[in-house]
Amino acid sequence: MNSTELLYPPQPRNSYLLLLFLSFFLRHISNTNAAIFELDTFIIDEEDAQFMTNCPPAVTESTPRRRTRIQVFWTAPPSGSGCVLLKASIIQRKIISFQDEGSLTKRMCEKETTDKPLLDCCACGTAKYRVTFYGNWSEKLHPKDYPRRANHWSALIGASHSKNYILWEYGGYASEGVKQVAELGSPVKMEEEIRQKGDEVLTVIKMKAQWPAWQPLNVRAAPSAEFSVDRTRHLMSFLTMLGPSPDWNVGLSSEGLCTRECGWVQKVIQDLIPWDAGTDHGVTYESPNKPTTPQEKIRPLTSLDNPQSPFYDPEGGAITPVARVAVERIARKGEQCNIVPDNVDDIVADIAQEEKEEDDTPETCIYSNWSPWSACSSSTCEKGKRMRQRMLKAQLDLSVPCPHTQDFEPCMGPGCSDEDASTCMMSEWITWSPCSMSCGAGVRSRERYVKQFPDDGFACTHPTEETEPCTVNEDCSPSSCLVTEWGEWDACSATCGLGMKRRERMVKMPPSDGSICGAEVVEVERCMMPECHTIPCLLSPWSDWSDCSVTCGKGTRTRQRMLKSPVELGECNEELEQMEKCMLPECPMDCVMSEWSEWSECSKSCGKGHLIHTRMITLEPQFGGDPCPETTQRKTCKIKKCNQGGLNSDERKRRKEDRKKRRNKQGREESADELAGCKMKPWAAWTDCTKLCGGGIQERLMTAKKRYKNAQLTSCKERKEIRACNVHPC
């Protein structure tokens with residue numbers, strides 16, 4: 001059932017709205033001609049609108065007064081029928097009609113389904129992806145009722161999985177894990193459900209919670225996580241709670257990363273709108289818990305759900321996305337089916353990944369770089385092996401063993417593969433020869449030789465000799481001395497950071513004129529080694545999140561990790577403990593009562609009576625708390641025995657005289673009132689006490705009943721009496 005309200009543009013002052021005509025046109029997408037169907041329509045207010053007698057689907061005004069709006073309920077056509085057109089007509093002065101102008105025509109089409117069939121994957125090998133979550137939920141983009149203090153994204157949880165496992169989907173029901181994420185922001189149960197699926201899941205995807213929900217990217221980098229997919233587990237799903245909210249989330253459901261061409265998708269970027277998990281009936285960010293019974297299906301939120309919704313739009317426009325997710329392929333491993341790369345960048349990325357060697361070395365083992373591979377142990381086409389080495393420089397944790405320092409791989413002799421058939425193997429270069437001149441500019445040379453000629457008969461074209469200019473003893477005058485060439489540089493004086501290195505040469509012949517040799521025989525220059533303290537902080541993995549600090553309501557939970565690297569390596573500024581908020585069901589609140597009042601006076605002046613005292617309810621029980629106990633208690637009291645019928649003659653005589661005096665006094669007062677020209681009414685009842693405890697006041701009035709002709713103006717004034725009440729302490 002849909003509610004439609006059409007608003008009409010303001011009319012000129014002399015115009016008269018005579019007829020309002022509402023019709024429904026249903027246009028099938030597959031046809032070019034419009035087909036008209038009657039839709040079930042219901043009048044909301046019969047005083048304002050009625051069906052037209054000569055055109056039953058149309059609605060017109062029921063009274064001739066001016067109006068600018070009309071409301072009806074109508075039933076949408078079956079799914080797949082197409083679009084609905086709502087047209088309104090206004091007849092002005094019975095001459096001019098408006099029908100296709102502005103908001104007088106409204107076209108509504110059913111939302112196209114976003115469900116994608118889960119295709120079988122034909123890709124080969126595996127692919128590695130990075131998913132990055134960008135939260136766009138901010139007060140600027142979503143100003144209505146935006147929760148300034150508590151806005152956040154819960155910890156993100158998801159997985160790469162097969163099509164036999166669905167984390168969540170539109171039209172399905174939320175599991176207990178999804179419910180706990182949606183209502184409490186807790187991923188613990190969801191992760192437990194994912195891990196129970198065994199081989200149906202390849203990677204569990206996790207990101208930490210974000211407080212607050214939005215920060216500029218120059219302040220905080222967008223959170224990301226990496227995951228892998230293969231042929232059977234090529235789908236990716238995740239969800240994260242929009243907090244605070246009843247049960248609203250964003251996420252992807254079974255996003256396929258396998259292409260029809262048997263390759264792996266390179267990038268997916270998608271804007272996200274919130275969806276309702278169907279477990280809580282709240283309509284605002286901070287609605288109190290209202291469990292939905294029975295549980296409803298998961299559905300996307302719309303801008304027409306409820307006028308109180310922060311996403312409500314009377315025009316039915318699209319909800320502004322609250323987040324964006326980017327899924328980008330960062331590597332492909334193993335033999336791939338589609339040998340045609342996606343683009344040039346893809347070629348470079350894959351080559352770089354192939355060249356990048358997998359390193360499973362523990363972080364606590366510090367090695368030198370690998371040496372070059374040795375020559376193959378086989379000089380023929382029989383299988384051999386070659387070796388490379390590295391040196392263990394430091395073992396920071398003796399409890400963690402360090403892997404081998406030698407590495408072997410199979411190989412064959414030169415010329416045993418198509419790539420080697422036309423390759424000649426050269427020796428290393430021999431050391432440079434001395435400079436050809438002992439004074440001034442000359443040349444020097446070095447050589448190498450062919451170790452293995454190509455087996456295909458081609459000549460080896462690699463050079464076997466190269467030369468370069470050299471200068472010795474630039475000053476060749478008689479006063480100059482002859483020196484040797486510079487020797488090799490010594491090792492740098494520092495193992496990290498900035499150091500110094502030096503080299504030397506010798507004087508071969510002093511100056512022929514007997515003067516002192518002025519040539520420099522030692523040269524020193526700076527050298528830069530890798531930056532000191534580049535060894536990262538060696539940290540243990542994060543522990544599991546602790547239990548929530550409370551058993552109900554809002555609390556916190558923590559997780560820790562340990563610093564494993566020695567303190568001598570420098571200060572480590574990485575955080576060792578993290579804390580995040582957690583929410584459990586509301587705590588029961590017991591009934592709260594005030595203190596008992598003082599006991600009242602005995603209800604009888606003689607004989608058996610009773611005393612009472614009371615207390616008030618200051619807080620009603622909530623969320624299953626203990627009910628309120630009694631608010632009134634009473635007990636018996638006995639002051640003295642009543643002597644009814646046993647009075648002696650003196651006592652009876654005294655009481656009779658007292659009654660007579662009271663009657664005489666009352667008679668005199670009435671006579672005085674009448675003499676003064678007024679006859680007064682009896683006293684009115686006492687008013688309620690102004691306070692329940694701690695001392696209040698009551699008052700009562702007496703007013704004139706009859707005023708005689710000779711009465712003076714001031715003789716008939718009303719009388720007032722005041723007394724104390726509820727004097728017991730609060």
# chains A, B, ... in the order shown; residues from 1 in each chain; ligands from 1
>>> residues_around(residues="Ala277 of chain A", least_positions_apart="3", cutoff="7 Å", atoms="only C-alpha atoms", output="PyMOL selection string")
chain A and resi 174+179+182+247-248+297-299
>>> residues_around(residues="segment 570-585 of chain A", least_positions_apart="3", cutoff="8 Å", atoms="only C-alpha atoms", output="PyMOL selection string")
chain A and resi 184-186+209+533+537+548+550-563+567
>>> write_last_selection(atoms="N, CA and C atoms", output="mmCIF file, in the first residue's frame")
data_model
loop_
_atom_site.group_PDB
_atom_site.id
_atom_site.type_symbol
_atom_site.label_atom_id
_atom_site.label_comp_id
_atom_site.auth_asym_id
_atom_site.auth_seq_id
_atom_site.Cartn_x
_atom_site.Cartn_y
_atom_site.Cartn_z
ATOM 1 N N LEU A 184 24.584 -4.307 18.195
ATOM 2 C CA LEU A 184 25.576 -4.031 19.231
ATOM 3 C C LEU A 184 26.917 -3.603 18.668
ATOM 4 N N GLY A 185 27.117 -3.776 17.355
ATOM 5 C CA GLY A 185 28.416 -3.454 16.773
ATOM 6 C C GLY A 185 29.482 -4.466 17.138
ATOM 7 N N SER A 186 29.086 -5.662 17.587
ATOM 8 C CA SER A 186 30.043 -6.677 18.018
ATOM 9 C C SER A 186 30.254 -7.700 16.910
ATOM 10 N N ALA A 209 37.190 -0.695 14.559
ATOM 11 C CA ALA A 209 36.119 0.305 14.611
ATOM 12 C C ALA A 209 36.687 1.705 14.395
ATOM 13 N N HIS A 533 68.770 2.362 13.284
ATOM 14 C CA HIS A 533 67.510 1.980 13.951
ATOM 15 C C HIS A 533 66.394 1.774 12.936
ATOM 16 N N CYS A 537 59.706 -1.998 15.046
ATOM 17 C CA CYS A 537 59.251 -2.531 16.329
ATOM 18 C C CYS A 537 58.738 -3.948 16.094
ATOM 19 N N CYS A 548 33.298 -7.736 27.263
ATOM 20 C CA CYS A 548 32.835 -6.383 27.563
ATOM 21 C C CYS A 548 32.966 -6.128 29.064
ATOM 22 N N VAL A 550 31.173 -4.701 31.056
ATOM 23 C CA VAL A 550 29.899 -4.768 31.782
ATOM 24 C C VAL A 550 29.126 -5.975 31.285
ATOM 25 N N THR A 551 28.169 -6.410 32.073
ATOM 26 C CA THR A 551 27.319 -7.531 31.664
ATOM 27 C C THR A 551 26.057 -7.055 30.970
ATOM 28 N N CYS A 552 25.824 -5.755 30.992
ATOM 29 C CA CYS A 552 24.670 -5.195 30.302
ATOM 30 C C CYS A 552 24.931 -3.706 30.085
ATOM 31 N N GLY A 553 24.286 -3.148 29.053
ATOM 32 C CA GLY A 553 24.438 -1.722 28.783
ATOM 33 C C GLY A 553 25.736 -1.429 28.047
ATOM 34 N N LYS A 554 26.227 -0.196 28.176
ATOM 35 C CA LYS A 554 27.410 0.265 27.463
ATOM 36 C C LYS A 554 28.660 0.023 28.295
ATOM 37 N N GLY A 555 29.704 -0.502 27.631
ATOM 38 C CA GLY A 555 30.968 -0.741 28.309
ATOM 39 C C GLY A 555 32.117 -0.612 27.337
ATOM 40 N N THR A 556 33.247 -1.154 27.701
ATOM 41 C CA THR A 556 34.422 -1.123 26.840
ATOM 42 C C THR A 556 35.072 -2.498 26.859
ATOM 43 N N ARG A 557 35.906 -2.753 25.853
ATOM 44 C CA ARG A 557 36.701 -3.971 25.816
ATOM 45 C C ARG A 557 38.082 -3.627 25.263
ATOM 46 N N THR A 558 39.052 -4.439 25.571
ATOM 47 C CA THR A 558 40.440 -4.120 25.210
ATOM 48 C C THR A 558 41.107 -5.330 24.573
ATOM 49 N N ARG A 559 42.231 -5.053 23.913
ATOM 50 C CA ARG A 559 43.117 -6.105 23.433
ATOM 51 C C ARG A 559 44.550 -5.588 23.534
ATOM 52 N N GLN A 560 45.502 -6.500 23.641
ATOM 53 C CA GLN A 560 46.889 -6.114 23.870
ATOM 54 C C GLN A 560 47.804 -6.858 22.898
ATOM 55 N N ARG A 561 49.015 -6.334 22.784
ATOM 56 C CA ARG A 561 50.102 -7.027 22.112
ATOM 57 C C ARG A 561 51.397 -6.682 22.841
ATOM 58 N N MET A 562 52.433 -7.494 22.614
ATOM 59 C CA MET A 562 53.675 -7.341 23.373
ATOM 60 C C MET A 562 54.802 -6.860 22.467
ATOM 61 N N LEU A 563 55.717 -6.088 23.055
ATOM 62 C CA LEU A 563 56.924 -5.649 22.373
ATOM 63 C C LEU A 563 57.966 -6.754 22.503
ATOM 64 N N VAL A 567 65.054 -3.374 23.894
ATOM 65 C CA VAL A 567 64.969 -1.931 24.109
ATOM 66 C C VAL A 567 66.164 -1.225 23.480
#
>>> residues_around(residues="Gly334 of chain A", least_positions_apart="3", cutoff="9 Å", atoms="only C-alpha atoms", output="PyMOL selection string")
chain A and resi 124-127
>>> closest_residue(among="A:Pro410, A:Pro223, A:Pro629, A:Pro469", to="Met437 of chain A", atoms="only C-alpha atoms")
A:Pro469
>>> atom_distance(atom1="atom CA of Pro274 of chain A", atom2="atom CA of Met207 of chain A")
18.4 Å
>>> residues_around(residues="Cys693 of chain A", least_positions_apart="6", cutoff="12 Å", atoms="only C-alpha atoms", output="PyMOL selection string")
chain A and resi 594-598+613-616+724-730
>>> write_last_selection(atoms="C-alpha atoms", output="mmCIF file, in the first residue's frame")
data_model
loop_
_atom_site.group_PDB
_atom_site.id
_atom_site.type_symbol
_atom_site.label_atom_id
_atom_site.label_comp_id
_atom_site.auth_asym_id
_atom_site.auth_seq_id
_atom_site.Cartn_x
_atom_site.Cartn_y
_atom_site.Cartn_z
ATOM 1 C CA SER A 594 11.465 7.014 48.793
ATOM 2 C CA GLU A 595 12.027 6.753 52.562
ATOM 3 C CA TRP A 596 9.054 5.932 54.809
ATOM 4 C CA SER A 597 7.217 8.937 56.239
ATOM 5 C CA GLU A 598 6.736 9.368 60.002
ATOM 6 C CA HIS A 613 3.008 5.692 57.172
ATOM 7 C CA THR A 614 3.649 5.869 53.420
ATOM 8 C CA ARG A 615 6.405 6.113 50.803
ATOM 9 C CA MET A 616 6.435 7.034 47.099
ATOM 10 C CA ALA A 724 -0.055 23.727 59.001
ATOM 11 C CA CYS A 725 -0.084 20.267 57.352
ATOM 12 C CA ASN A 726 2.267 17.357 56.412
ATOM 13 C CA VAL A 727 4.855 18.485 58.904
ATOM 14 C CA HIS A 728 6.685 15.098 58.837
ATOM 15 C CA PRO A 729 10.193 15.226 57.254
ATOM 16 C CA CYS A 730 10.700 14.148 53.636
#
>>> closest_residue(among="A:Glu296, A:Glu409, A:Asp280, A:Glu226", to="Ser245 of chain A", atoms="only C-alpha atoms")
A:Asp280
>>> residues_around(residues="Asp688 of chain A", least_positions_apart="6", cutoff="9 Å", atoms="only C-alpha atoms", output="list in words")
Ile697, Gln698 and Glu699 of chain A
